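Have a look at data.cif below; it lists mmCIF, C-alpha atoms and all ligand atoms.
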data_upload
loop_
_atom_site.label_atom_id
_atom_site.label_comp_id
_atom_site.auth_asym_id
_atom_site.auth_seq_id
_atom_site.Cartn_x
_atom_site.Cartn_y
_atom_site.Cartn_z
CA MET A 16 123.11 82.59 92.33
CA THR A 17 122.40 84.93 95.21
CA ALA A 18 120.59 88.15 94.32
CA LYS A 19 122.73 91.25 93.89
CA ARG A 20 122.42 93.47 96.93
CA VAL A 21 121.40 97.11 96.85
CA PHE A 22 121.18 99.73 99.58
CA SER A 23 119.59 103.15 99.67
CA GLY A 24 118.63 105.70 102.27
CA ILE A 25 116.25 108.59 102.70
CA GLN A 26 116.30 111.33 105.31
CA PRO A 27 113.31 111.77 107.62
CA SER A 28 113.50 115.54 107.40
CA GLY A 29 110.19 116.86 106.15
CA ASP A 30 107.77 115.32 103.73
CA ILE A 31 108.52 112.99 100.86
CA HIS A 32 107.86 114.72 97.54
CA ILE A 33 107.48 113.50 93.96
CA GLY A 34 111.20 114.11 93.34
CA ASN A 35 112.00 111.54 96.04
CA TYR A 36 109.28 109.32 94.65
CA MET A 37 110.44 109.37 91.04
CA GLY A 38 114.16 109.71 91.64
CA ALA A 39 114.35 107.04 94.31
CA LEU A 40 111.31 105.36 95.84
CA ARG A 41 109.56 104.11 92.75
CA ASN A 42 112.81 102.62 91.57
CA TRP A 43 113.36 101.01 94.98
CA VAL A 44 110.01 99.27 94.75
CA ALA A 45 110.74 97.94 91.26
CA MET A 46 114.13 96.61 92.35
CA GLN A 47 112.57 94.20 94.79
CA ASP A 48 111.87 91.82 91.90
CA GLU A 49 115.51 91.49 91.00
CA TYR A 50 117.66 92.34 93.99
CA ALA A 51 117.85 91.78 97.73
CA PRO A 52 117.36 95.40 98.81
CA VAL A 53 118.11 97.18 102.07
CA TYR A 54 116.29 100.49 102.57
CA CYS A 55 117.07 102.74 105.47
CA VAL A 56 115.47 105.82 107.00
CA VAL A 57 118.67 107.72 107.76
CA ASP A 58 117.73 109.53 110.94
CA LEU A 59 121.33 110.16 112.04
CA HIS A 60 121.87 112.08 108.81
CA ALA A 61 118.85 114.25 109.60
CA LEU A 62 120.62 115.48 112.75
CA THR A 63 123.13 117.38 110.64
CA LEU A 64 120.59 120.21 110.56
CA PRO A 65 118.82 121.37 113.76
CA GLN A 66 115.76 119.19 114.49
CA ASP A 67 112.91 119.57 116.91
CA PRO A 68 112.74 116.20 118.76
CA ALA A 69 108.96 115.75 118.45
CA GLU A 70 109.02 116.73 114.80
CA LEU A 71 111.89 114.38 114.04
CA ALA A 72 110.08 111.49 115.72
CA GLY A 73 106.96 112.26 113.66
CA ALA A 74 108.85 112.70 110.39
CA ARG A 75 110.67 109.42 110.97
CA VAL A 76 107.53 107.31 111.27
CA ARG A 77 105.85 109.20 108.39
CA THR A 78 108.84 108.47 106.17
CA ALA A 79 108.77 104.76 107.05
CA LYS A 80 105.03 104.72 106.37
CA ILE A 81 105.48 106.27 102.94
CA LEU A 82 108.10 103.69 102.00
CA LEU A 83 105.69 100.92 102.97
CA ALA A 84 102.72 102.64 101.29
CA ALA A 85 104.71 103.07 98.09
CA GLY A 86 105.23 99.32 97.95
CA ILE A 87 108.37 98.46 99.89
CA ASP A 88 107.54 94.96 101.06
CA PRO A 89 109.21 93.94 104.34
CA GLY A 90 108.99 90.33 103.13
CA ARG A 91 111.37 91.10 100.27
CA SER A 92 113.30 94.16 101.50
CA LEU A 93 115.05 94.91 104.73
CA ILE A 94 113.77 98.23 106.08
CA TYR A 95 114.83 99.95 109.30
CA TYR A 96 115.93 103.17 111.05
CA GLN A 97 119.65 103.87 110.79
CA SER A 98 120.06 104.87 114.46
CA GLN A 99 118.82 101.43 115.57
CA VAL A 100 121.84 99.78 113.95
CA PRO A 101 124.88 101.26 115.74
CA GLN A 102 127.33 99.55 113.39
CA HIS A 103 126.66 102.37 110.87
CA ALA A 104 128.17 104.91 113.25
CA GLU A 105 131.04 102.62 114.19
CA LEU A 106 132.02 102.02 110.56
CA SER A 107 131.61 105.72 109.85
CA TRP A 108 134.32 106.48 112.40
CA ILE A 109 136.69 103.96 110.83
CA MET A 110 136.02 105.12 107.26
CA GLY A 111 136.49 108.71 108.37
CA THR A 112 140.14 107.95 108.94
CA PHE A 113 140.42 107.30 105.18
CA ALA A 114 138.54 110.43 104.11
CA SER A 115 140.19 113.32 102.33
CA MET A 116 139.21 116.65 103.90
CA GLY A 117 139.73 118.40 100.56
CA HIS A 118 137.32 116.02 98.86
CA LEU A 119 134.70 116.48 101.61
CA GLY A 120 134.97 120.26 101.34
CA ARG A 121 134.14 120.16 97.62
CA MET A 122 130.78 118.39 98.01
CA THR A 123 127.96 120.48 96.53
CA GLN A 124 125.42 119.38 99.13
CA TYR A 125 127.79 120.43 101.92
CA LYS A 126 128.53 123.77 100.33
CA GLU A 127 124.83 124.53 99.82
CA LYS A 128 123.90 123.68 103.41
CA GLU A 129 126.93 125.48 104.78
CA ASP A 130 125.82 128.58 102.88
CA LYS A 131 122.43 128.31 104.55
CA GLY A 132 124.05 128.59 107.95
CA GLY A 133 124.68 124.93 108.68
CA GLN A 134 128.17 124.48 110.06
CA ASN A 135 128.98 121.42 112.07
CA LEU A 136 131.27 118.45 111.83
CA GLY A 137 128.36 116.10 111.08
CA LEU A 138 127.42 118.09 108.00
CA PHE A 139 131.03 118.02 106.82
CA SER A 140 131.42 114.29 107.35
CA TYR A 141 127.89 113.47 106.14
CA PRO A 142 129.28 111.57 103.10
CA VAL A 143 131.43 109.37 105.37
CA LEU A 144 128.35 108.17 107.25
CA MET A 145 126.61 107.65 103.90
CA ALA A 146 129.54 105.53 102.72
CA ALA A 147 129.36 103.53 105.96
CA ASP A 148 125.62 102.92 105.38
CA ILE A 149 126.42 101.38 102.02
CA LEU A 150 129.54 99.49 103.08
CA VAL A 151 128.22 97.98 106.29
CA HIS A 152 125.98 95.82 104.08
CA ARG A 153 128.69 95.28 101.44
CA VAL A 154 126.21 95.97 98.63
CA HIS A 155 126.95 96.19 94.91
CA ALA A 156 124.66 99.01 93.88
CA VAL A 157 122.87 102.10 95.20
CA PRO A 158 119.67 103.43 93.59
CA VAL A 159 119.54 107.23 94.03
CA GLY A 160 118.68 110.45 92.19
CA ASN A 161 121.31 112.47 90.31
CA ASP A 162 122.11 114.71 93.26
CA GLN A 163 123.94 111.83 95.00
CA THR A 164 126.51 111.21 92.26
CA GLN A 165 129.30 113.06 94.08
CA HIS A 166 128.61 111.15 97.30
CA LEU A 167 128.81 107.85 95.46
CA GLU A 168 132.11 108.85 93.86
CA PHE A 169 133.39 109.69 97.32
CA THR A 170 132.26 106.29 98.60
CA ARG A 171 134.14 104.51 95.83
CA ASP A 172 137.20 106.55 96.68
CA LEU A 173 137.00 105.43 100.32
CA VAL A 174 136.57 101.80 99.23
CA GLU A 175 139.67 101.99 97.06
CA ARG A 176 141.71 103.45 99.88
CA PHE A 177 140.49 100.86 102.38
CA ASN A 178 140.87 97.93 99.97
CA SER A 179 144.34 98.93 98.89
CA ARG A 180 145.48 98.84 102.50
CA TYR A 181 143.60 95.77 103.73
CA GLY A 182 142.88 93.70 100.62
CA ASP A 183 139.71 93.49 98.50
CA PHE A 184 137.12 93.56 101.21
CA PHE A 185 134.36 95.98 100.18
CA PRO A 186 132.68 95.74 96.76
CA VAL A 187 132.96 99.01 94.77
CA PRO A 188 129.32 100.16 94.69
CA GLU A 189 127.80 101.40 91.44
CA GLN A 190 125.08 104.02 91.19
CA ILE A 191 121.70 103.21 89.65
CA THR A 192 119.75 106.23 88.45
CA PRO A 193 116.31 106.04 86.83
CA PRO A 194 116.07 107.06 83.14
CA VAL A 195 113.20 109.48 83.88
CA GLY A 196 112.71 111.54 87.03
CA ALA A 197 116.29 111.45 88.31
CA ARG A 198 116.14 115.19 88.86
CA VAL A 199 112.72 116.75 89.38
CA MET A 200 112.84 120.53 89.61
CA SER A 201 111.03 122.94 91.92
CA LEU A 202 107.59 124.05 90.72
CA LYS A 203 108.45 127.61 91.74
CA ASP A 204 111.99 127.75 90.39
CA PRO A 205 112.58 125.18 87.66
CA THR A 206 116.32 125.83 87.70
CA SER A 207 116.76 124.36 91.19
CA LYS A 208 115.81 120.86 92.30
CA MET A 209 112.61 120.07 94.15
CA SER A 210 113.64 119.89 97.79
CA LYS A 211 112.21 119.01 101.20
CA SER A 212 113.84 122.05 102.74
CA ASP A 213 112.45 124.75 100.40
CA PRO A 214 110.44 127.13 102.65
CA ASP A 215 107.80 127.49 99.91
CA SER A 216 105.55 124.41 100.15
CA GLY A 217 104.11 125.30 96.74
CA SER A 218 107.46 124.32 95.23
CA ARG A 219 106.85 120.61 95.76
CA ILE A 220 104.09 118.03 95.55
CA ILE A 221 104.01 115.78 98.60
CA VAL A 222 103.29 112.11 97.99
CA THR A 223 100.32 112.32 100.37
CA ASP A 224 98.83 115.56 98.99
CA ASP A 225 95.12 115.27 98.16
CA ALA A 226 93.74 115.86 94.66
CA ASP A 227 92.74 119.51 95.23
CA THR A 228 96.15 120.39 96.63
CA ILE A 229 97.94 118.76 93.71
CA LEU A 230 95.75 120.54 91.19
CA ALA A 231 96.33 123.91 92.89
CA LYS A 232 100.10 123.40 93.06
CA VAL A 233 100.38 122.39 89.40
CA ARG A 234 98.19 125.34 88.35
CA ARG A 235 100.47 127.71 90.24
CA ALA A 236 103.68 126.14 88.91
CA VAL A 237 105.92 128.66 87.20
CA THR A 238 105.71 128.37 83.43
CA ASP A 239 107.61 130.13 80.69
CA SER A 240 106.65 132.93 78.39
CA GLY A 241 104.62 131.99 75.31
CA ASN A 242 101.93 129.37 75.27
CA ARG A 243 103.41 126.52 73.25
CA VAL A 244 104.16 123.30 75.07
CA ALA A 245 107.63 122.15 74.00
CA TYR A 246 110.52 120.26 75.57
CA ASP A 247 113.41 122.71 75.84
CA VAL A 248 115.20 122.64 79.18
CA GLU A 249 117.23 125.78 78.44
CA ARG A 250 114.48 128.04 77.19
CA LYS A 251 111.41 126.43 78.74
CA PRO A 252 112.58 124.94 82.05
CA GLY A 253 109.15 125.16 83.73
CA ILE A 254 107.22 123.42 80.96
CA SER A 255 110.03 120.91 80.47
CA ASN A 256 109.92 119.98 84.15
CA LEU A 257 106.15 119.44 83.92
CA LEU A 258 106.72 117.30 80.81
CA ASP A 259 109.26 115.23 82.75
CA ILE A 260 106.74 114.78 85.55
CA LEU A 261 103.97 113.83 83.11
CA SER A 262 106.34 111.41 81.40
CA ALA A 263 107.31 109.76 84.68
CA PHE A 264 103.68 109.30 85.66
CA THR A 265 102.43 108.08 82.27
CA GLY A 266 105.40 106.09 81.00
CA ARG A 267 105.28 108.02 77.71
CA SER A 268 108.25 109.90 76.28
CA VAL A 269 108.54 113.68 76.72
CA HIS A 270 108.74 114.08 72.96
CA GLN A 271 105.52 112.19 72.35
CA LEU A 272 103.82 114.23 75.06
CA ALA A 273 105.20 117.55 73.81
CA GLU A 274 103.79 116.78 70.40
CA GLU A 275 100.40 115.78 71.76
CA TYR A 276 100.08 118.94 73.90
CA SER A 277 101.94 121.39 71.67
CA ALA A 278 98.83 123.33 70.78
CA ALA A 279 96.80 122.59 73.92
CA GLY A 280 97.81 125.77 75.75
CA TYR A 281 99.32 125.78 79.24
CA GLY A 282 95.97 125.47 81.03
CA ARG A 283 94.91 122.20 79.45
CA PHE A 284 98.44 120.83 79.64
CA LYS A 285 98.64 121.56 83.39
CA GLN A 286 95.28 119.90 83.91
CA ALA A 287 96.66 116.74 82.25
CA VAL A 288 99.80 116.85 84.42
CA ALA A 289 97.77 117.24 87.60
CA GLU A 290 95.43 114.39 86.65
CA ALA A 291 98.34 112.03 85.93
CA VAL A 292 100.01 112.86 89.25
CA ILE A 293 96.75 112.50 91.18
CA ALA A 294 96.04 109.10 89.59
CA GLY A 295 99.62 107.91 90.12
CA LEU A 296 99.75 108.90 93.77
CA ALA A 297 96.21 107.87 94.76
CA PRO A 298 97.08 104.26 95.68
CA VAL A 299 100.11 105.39 97.73
CA ARG A 300 98.03 107.96 99.58
CA GLN A 301 95.34 105.42 100.34
CA ALA A 302 97.82 102.82 101.57
CA TYR A 303 99.44 105.52 103.73
CA LEU A 304 96.13 106.44 105.36
CA ASP A 305 95.42 102.76 106.04
CA LEU A 306 98.70 102.11 107.85
CA ASP A 307 98.90 102.22 111.60
CA ASP A 308 101.90 103.84 113.35
CA ALA A 309 102.26 100.99 115.84
CA ASP A 310 102.41 98.37 113.07
CA VAL A 311 104.99 100.44 111.22
CA GLU A 312 107.20 100.74 114.31
CA TRP A 313 107.00 97.00 114.80
CA ILE A 314 108.12 96.36 111.20
CA MET A 315 111.00 98.82 111.67
CA ALA A 316 112.13 97.16 114.90
CA GLU A 317 112.10 93.72 113.27
CA GLY A 318 114.10 95.10 110.34
CA ALA A 319 116.66 96.66 112.68
CA ALA A 320 117.23 93.35 114.44
CA VAL A 321 117.99 91.60 111.14
CA ALA A 322 120.13 94.52 109.94
CA ARG A 323 122.16 94.51 113.17
CA SER A 324 123.09 90.91 112.74
CA GLY A 325 124.16 91.39 109.09
CA ALA A 326 126.05 94.58 109.90
CA GLU A 327 127.77 92.91 112.83
CA GLU A 328 129.12 90.21 110.50
CA THR A 329 130.77 92.91 108.41
CA MET A 330 132.03 94.76 111.46
CA SER A 331 133.60 91.71 113.07
CA GLU A 332 135.58 91.15 109.86
CA VAL A 333 136.50 94.83 109.62
CA ARG A 334 137.71 94.88 113.24
CA ARG A 335 139.80 91.80 112.61
CA LEU A 336 141.27 93.23 109.37
CA ILE A 337 142.36 96.49 110.98
CA GLY A 338 143.77 94.90 114.11
CA LEU A 339 140.92 95.49 116.54
CA GLY A 340 139.42 92.02 116.25
P1 LIG A 401 116.68 113.13 100.41
O1 LIG A 401 115.42 113.91 100.23
O2 LIG A 401 117.88 114.02 100.28
O3 LIG A 401 116.70 112.24 101.60
O4 LIG A 401 116.76 112.17 99.13
C1 LIG A 401 116.25 110.86 99.09
C2 LIG A 401 116.36 110.32 97.69
O5 LIG A 401 115.57 111.10 96.78
C3 LIG A 401 117.79 110.35 97.11
O6 LIG A 401 118.00 109.18 96.35
C4 LIG A 401 117.79 111.54 96.21
O7 LIG A 401 118.71 111.42 95.14
C5 LIG A 401 116.36 111.56 95.69
N1 LIG A 401 115.92 112.93 95.36
C6 LIG A 401 115.84 113.99 96.21
N2 LIG A 401 115.39 115.09 95.58
C7 LIG A 401 115.17 114.72 94.28
C8 LIG A 401 114.67 115.40 93.11
N3 LIG A 401 114.32 116.69 93.16
N4 LIG A 401 114.58 114.70 91.96
C9 LIG A 401 114.93 113.39 91.91
N5 LIG A 401 115.40 112.68 92.96
C10 LIG A 401 115.51 113.33 94.14
N1 LIG A 402 122.50 111.32 101.23
C1 LIG A 402 121.26 110.77 100.77
C2 LIG A 402 120.34 111.95 100.41
O1 LIG A 402 120.52 113.04 100.85
C3 LIG A 402 120.60 109.90 101.82
C4 LIG A 402 121.46 108.73 102.14
C5 LIG A 402 122.11 108.49 103.32
C6 LIG A 402 121.78 107.65 101.29
N2 LIG A 402 122.79 107.34 103.28
C7 LIG A 402 122.63 106.78 102.06
C8 LIG A 402 121.45 107.32 99.98
C9 LIG A 402 123.18 105.62 101.50
C10 LIG A 402 121.99 106.15 99.44
C11 LIG A 402 122.85 105.32 100.19
O2 LIG A 402 119.42 111.73 99.69
#
Starting from the file, lay out its structure as structure tokens.
Ligand code: AMP
Ligand code: TRP
Amino acid sequence: MTAKRVFSGIQPSGDIHIGNYMGALRNWVAMQDEYAPVYCVVDLHALTLPQDPAELAGARVRTAKILLAAGIDPGRSLIYYQSQVPQHAELSWIMGTFASMGHLGRMTQYKEKEDKGGQNLGLFSYPVLMAADILVHRVHAVPVGNDQTQHLEFTRDLVERFNSRYGDFFPVPEQITPPVGARVMSLKDPTSKMSKSDPDSGSRIIVTDDADTILAKVRRAVTDSGNRVAYDVERKPGISNLLDILSAFTGRSVHQLAEEYSAAGYGRFKQAVAEAVIAGLAPVRQAYLDLDDADVEWIMAEGAAVARSGAEETMSEVRRLIGLG
């Protein structure tokens, strides 16, 4: 039996934080044992918000480096930059002709970015390119955090429209979300998700932060009134988020941890959270520091060559199906 195929992508816009790590990356690494994964640094998606060219180039290689440092193994996974495989953009155009404008306009991620002043066609059709990323490899599943659920539903909708016109060609991709860490919240506002684009860098822990920085950020994380550690997302969102983080880094349940720290006071509890995060990230940070940019770019170029040939197989069938073959 051939391994089930999965695809996922991450934007090279800013630094990878523990939300990305727990919601996506860590899961991606684990999936290598079971699946034939394709992981992509989606640089074309990053262009939907204004980018400084030098910064984008830097963020792109840093993102690739973090994927490798976290344990993505180019021997078992295909890893590459989206823009180096032009079939993504070609399929995006074709799938766009199946997209409902009403559906695109209802996407939360679009509405949020539009509110922040982003208004361009790329931002609007962002989910179409995301669907093309997934479909060009004809994968069965997509490991992502909770915030991508709407985009995955949209992808399935496109597949159904395409397949009902041209026959069962694309598999209907399912979403795979981790049981813990699928939605890590901001350390400064535990009611909104931890995000690369938050202007306050204290709101997120970067995968490559050193121990002192992590400790300082956890200490300054917003907590709730009182001093009892308990898991209660409604009334204690700050402490509950830290419990989720501790749980993700220790493998223990939030309820077990809440019981253990219930009388510890916030100070001791935060110390334990910081220590778990520092220990969990230390090997990734070290591997990151040991990697050389030139080696990373070579791995990415090799990956792109393999991805182009797989994607071209799909595209030649798609062109034939729609009458452009
Ligand atoms: P992005 O940062 O938007 O490129 O997201 C890359 C991956 O990280 C996607 O699978 C997201 O679902 C996931 N992700 C982003 N932010 C979070 C978060 N705060 N908690 C959990 N997963 C997240
Ligand atoms: N939209 C995803 C995000 O913001 C990134 C992404 C682009 C993606 N293409 C993808 C994720 C394909 C999964 C599959 O996080």
Residue nearest Trp108 of chain A among A:Ser140, A:Gln124, A:Thr329, A:Gln134 (counting all atoms listed in the file):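 Smallest separation from Trp108 of chain A among the options: A:Ser140.
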Environment of ligand LIG 402 (chain A) within 7 Å, counting only C-alpha atoms and all ligand atoms, reported as a ChimeraX atom specification: /A:22-26,57,60,144-146,148-149,157-159,163
Near-ligand residues for ligand LIG 401 (chain A), threshold 6 Å, all atoms listed in the file, as a PyMOL selection string: chain A and resi 25-26+34-35+38-39+159-163+196-200+208-210
Just want the 8 Å neighbourhood of Ala302 of chain A, counted on only C-alpha atoms, with same-chain residues fewer than 4 positions away dropped. Output as an mmCIF file with C-alpha atoms, in the frame of the given file.
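Final file, out.cif:
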data_model
loop_
_atom_site.group_PDB
_atom_site.id
_atom_site.type_symbol
_atom_site.label_atom_id
_atom_site.label_comp_id
_atom_site.auth_asym_id
_atom_site.auth_seq_id
_atom_site.Cartn_x
_atom_site.Cartn_y
_atom_site.Cartn_z
ATOM 1 C CA ALA A 84 102.720 102.640 101.290
ATOM 2 C CA ALA A 85 104.710 103.070 98.090
ATOM 3 C CA PRO A 298 97.080 104.260 95.680
ATOM 4 C CA LEU A 306 98.700 102.110 107.850
#
Option closest in space to His270 of chain A, from A:Ala45, A:Val76, A:Leu230, A:Leu258 [counting all atoms listed in the file]: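 Going through A:Ala45, A:Val76, A:Leu230, A:Leu258 one by one, the smallest distance to His270 of chain A is for A:Leu258.
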Residues near Arg171 of chain A, cut-off 8 Å, all atoms listed in the file, skip fewer than 3 positions along chain, as a PyMOL selection string: chain A and resi 167-168+174-175+187-188
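Distances from A:Val321, A:Cys55, A:Leu93, A:Val244 to Arg75 of chain A were compared using all atoms listed in the file, and the smallest one belongs to A:Cys55.
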Nearest to Val292 of chain A by atom-to-atom distance, counting only C-alpha atoms, from A:Leu173, A:Ala114, A:Val154, A:Ile220: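 Residue with the minimum atom-to-atom distance to Val292 of chain A: A:Ile220.
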Find the residues near Pro65 of chain A: any atom within 12 Å, counting all atoms listed in the file, skip ones fewer than 2 places away on the same chain, and give them as a CSV table (one decimal) with C-alpha atoms, in the coordinates of the input.
chain,number,residue,atom,x,y,z
A,28,SER,CA,113.5,115.5,107.4
A,59,LEU,CA,121.3,110.2,112.0
A,60,HIS,CA,121.9,112.1,108.8
A,61,ALA,CA,118.8,114.2,109.6
A,62,LEU,CA,120.6,115.5,112.8
A,63,THR,CA,123.1,117.4,110.6
A,67,ASP,CA,112.9,119.6,116.9
A,68,PRO,CA,112.7,116.2,118.8
A,70,GLU,CA,109.0,116.7,114.8
A,71,LEU,CA,111.9,114.4,114.0
A,128,LYS,CA,123.9,123.7,103.4
A,132,GLY,CA,124.0,128.6,108.0
A,133,GLY,CA,124.7,124.9,108.7
A,134,GLN,CA,128.2,124.5,110.1
A,135,ASN,CA,129.0,121.4,112.1
A,137,GLY,CA,128.4,116.1,111.1
A,138,LEU,CA,127.4,118.1,108.0
Test item: residues at most 12 Å from Lys131 of chain A, all atoms listed in the file, excluding those fewer than 4 positions along its chain, as a list in words: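 Close residues of Lys131 of chain A: Leu64, Gln124, Tyr125, Lys126, Glu127, Leu138, Ser212 and Asp213 of chain A.
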Ile87 of chain A surroundings by all atoms listed in the file, 10 Å radius, close-in-sequence under 3 positions cut, as a VMD selection string: chain A and resid 40 to 41 43 to 47 52 54 79 to 84 90 to 94
Could the residues in this selection be saved with C-alpha atoms as a tab-separated table (two decimals), in the coordinates of the input?
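Dumped to again_9.tsv:
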chain	number	residue	atom	x	y	z
A	40	LEU	CA	111.31	105.36	95.84
A	41	ARG	CA	109.56	104.11	92.75
A	43	TRP	CA	113.36	101.01	94.98
A	44	VAL	CA	110.01	99.27	94.75
A	45	ALA	CA	110.74	97.94	91.26
A	46	MET	CA	114.13	96.61	92.35
A	47	GLN	CA	112.57	94.20	94.79
A	52	PRO	CA	117.36	95.40	98.81
A	54	TYR	CA	116.29	100.49	102.57
A	79	ALA	CA	108.77	104.76	107.05
A	80	LYS	CA	105.03	104.72	106.37
A	81	ILE	CA	105.48	106.27	102.94
A	82	LEU	CA	108.10	103.69	102.00
A	83	LEU	CA	105.69	100.92	102.97
A	84	ALA	CA	102.72	102.64	101.29
A	90	GLY	CA	108.99	90.33	103.13
A	91	ARG	CA	111.37	91.10	100.27
A	92	SER	CA	113.30	94.16	101.50
A	93	LEU	CA	115.05	94.91	104.73
A	94	ILE	CA	113.77	98.23	106.08
Of the listed residues A:Arg180, A:Arg153, A:His166, A:Arg77, that which approaches Ile337 of chain A most closely, counting all atoms listed in the file: A:Arg180
Reconstructed segment 40-56 of chain A, atom set N, CA, C and O atoms, as a short mmCIF file (atom, residue, chain, number, x, y, z; two decimals), in the coordinates of the input:
data_model
loop_
_atom_site.label_atom_id
_atom_site.label_comp_id
_atom_site.auth_asym_id
_atom_site.auth_seq_id
_atom_site.Cartn_x
_atom_site.Cartn_y
_atom_site.Cartn_z
N LEU A 40 112.26 106.36 95.32
CA LEU A 40 111.31 105.36 95.84
C LEU A 40 110.71 104.39 94.84
O LEU A 40 110.65 103.18 95.08
N ARG A 41 110.24 104.96 93.72
CA ARG A 41 109.56 104.11 92.75
C ARG A 41 110.53 103.06 92.19
O ARG A 41 110.17 101.91 91.97
N ASN A 42 111.76 103.51 92.02
CA ASN A 42 112.81 102.62 91.57
C ASN A 42 113.12 101.55 92.63
O ASN A 42 113.35 100.39 92.32
N TRP A 43 113.09 101.96 93.89
CA TRP A 43 113.36 101.01 94.98
C TRP A 43 112.34 99.88 94.98
O TRP A 43 112.68 98.72 95.19
N VAL A 44 111.09 100.27 94.74
CA VAL A 44 110.01 99.27 94.75
C VAL A 44 110.25 98.27 93.61
O VAL A 44 110.20 97.06 93.81
N ALA A 45 110.54 98.80 92.42
CA ALA A 45 110.74 97.94 91.26
C ALA A 45 111.91 96.98 91.47
O ALA A 45 111.90 95.84 91.00
N MET A 46 112.92 97.43 92.19
CA MET A 46 114.13 96.61 92.35
C MET A 46 113.93 95.37 93.21
O MET A 46 114.76 94.47 93.21
N GLN A 47 112.80 95.35 93.91
CA GLN A 47 112.57 94.20 94.79
C GLN A 47 112.43 92.90 94.01
O GLN A 47 112.64 91.82 94.55
N ASP A 48 112.04 93.03 92.71
CA ASP A 48 111.87 91.82 91.90
C ASP A 48 113.20 91.16 91.56
O ASP A 48 113.26 89.97 91.28
N GLU A 49 114.25 91.96 91.55
CA GLU A 49 115.51 91.49 91.00
C GLU A 49 116.63 91.38 92.03
O GLU A 49 117.55 90.60 91.87
N TYR A 50 116.56 92.24 93.05
CA TYR A 50 117.66 92.34 93.99
C TYR A 50 117.21 91.98 95.41
O TYR A 50 116.03 91.84 95.67
N ALA A 51 118.18 91.90 96.31
CA ALA A 51 117.85 91.78 97.73
C ALA A 51 118.12 93.16 98.35
O ALA A 51 119.23 93.47 98.73
N PRO A 52 117.10 94.03 98.43
CA PRO A 52 117.36 95.40 98.81
C PRO A 52 117.35 95.66 100.32
O PRO A 52 116.66 94.97 101.08
N VAL A 53 118.12 96.68 100.70
CA VAL A 53 118.11 97.18 102.07
C VAL A 53 117.78 98.67 101.98
O VAL A 53 118.48 99.41 101.29
N TYR A 54 116.69 99.09 102.63
CA TYR A 54 116.29 100.49 102.57
C TYR A 54 116.24 101.06 103.99
O TYR A 54 115.67 100.44 104.90
N CYS A 55 116.84 102.23 104.13
CA CYS A 55 117.07 102.74 105.47
C CYS A 55 116.56 104.18 105.61
O CYS A 55 116.79 105.01 104.72
N VAL A 56 115.87 104.45 106.70
CA VAL A 56 115.47 105.82 107.00
C VAL A 56 116.63 106.41 107.81
O VAL A 56 116.86 106.00 108.95
#
